[in-house]
Amino acid sequence: MSSPDLNREPMSLDEFFASLSELYPEDIPEFVKAKQILQAQRVQTFWRLLKLTDSQWSRMGIPL
């Protein structure tokens, strides 16, 4: 696994969920729900998603 390119623009949630949808098409309905919850919480990039704490995840109610 390679290291992330820190000079690249942060991956958007749209890009992240598009990648997941390609890998796991059977889970698209769950990805849509999760994306809506994250957008409501103003999580807009993959890097912000990585910074969420366990308590923030639990408050959002997104199954991991």
# chains A, B, ... in the order shown; residues from 1 in each chain; ligands from 1
call {"tool": "select_by_dssp", "arguments": {"residues": "region 13-61 of chain A", "states": "helix (DSSP H, G or I)", "output": "ChimeraX atom specification"}}
result
/A:13-23,25-40,46-50,54-60
call {"tool": "residues_around", "arguments": {"residues": "Ile37 (chain A)", "least_positions_apart": "5", "cutoff": "9 Å", "atoms": "only C-alpha atoms", "output": "list in words"}}
result
Val32, Arg42, Val43, Met60, Gly61 and Ile62 of chain A
call {"tool": "atom_distance", "arguments": {"atom1": "CA of Phe31 (chain A)", "atom2": "CA of Phe46 (chain A)"}}
result
14.0 Å
call {"tool": "residues_around", "arguments": {"residues": "Asp14 (chain A)", "least_positions_apart": "6", "cutoff": "9 Å", "atoms": "only C-alpha atoms", "output": "ChimeraX atom specification"}}
result
/A:35,44-45
call {"tool": "write_last_selection", "arguments": {"atoms": "N, CA, C and O atoms", "output": "tab-separated table (two decimals), in the first residue's frame"}}
result
chain	number	residue	atom	x	y	z
A	35	LYS	N	-23.50	8.86	3.18
A	35	LYS	CA	-23.08	10.13	2.57
A	35	LYS	C	-24.00	11.27	2.96
A	35	LYS	O	-23.54	12.38	3.28
A	44	GLN	N	-16.88	17.12	4.36
A	44	GLN	CA	-16.83	17.27	2.91
A	44	GLN	C	-15.66	16.56	2.24
A	44	GLN	O	-15.69	16.39	1.02
A	45	THR	N	-14.65	16.17	3.02
A	45	THR	CA	-13.48	15.53	2.42
A	45	THR	C	-13.15	14.23	3.14
A	45	THR	O	-13.54	14.01	4.28
call {"tool": "residues_around", "arguments": {"residues": "Ser19 (chain A)", "least_positions_apart": "6", "cutoff": "12 Å", "atoms": "only C-alpha atoms", "output": "PyMOL selection string"}}
result
chain A and resi 11-13+25+27-28+31+46
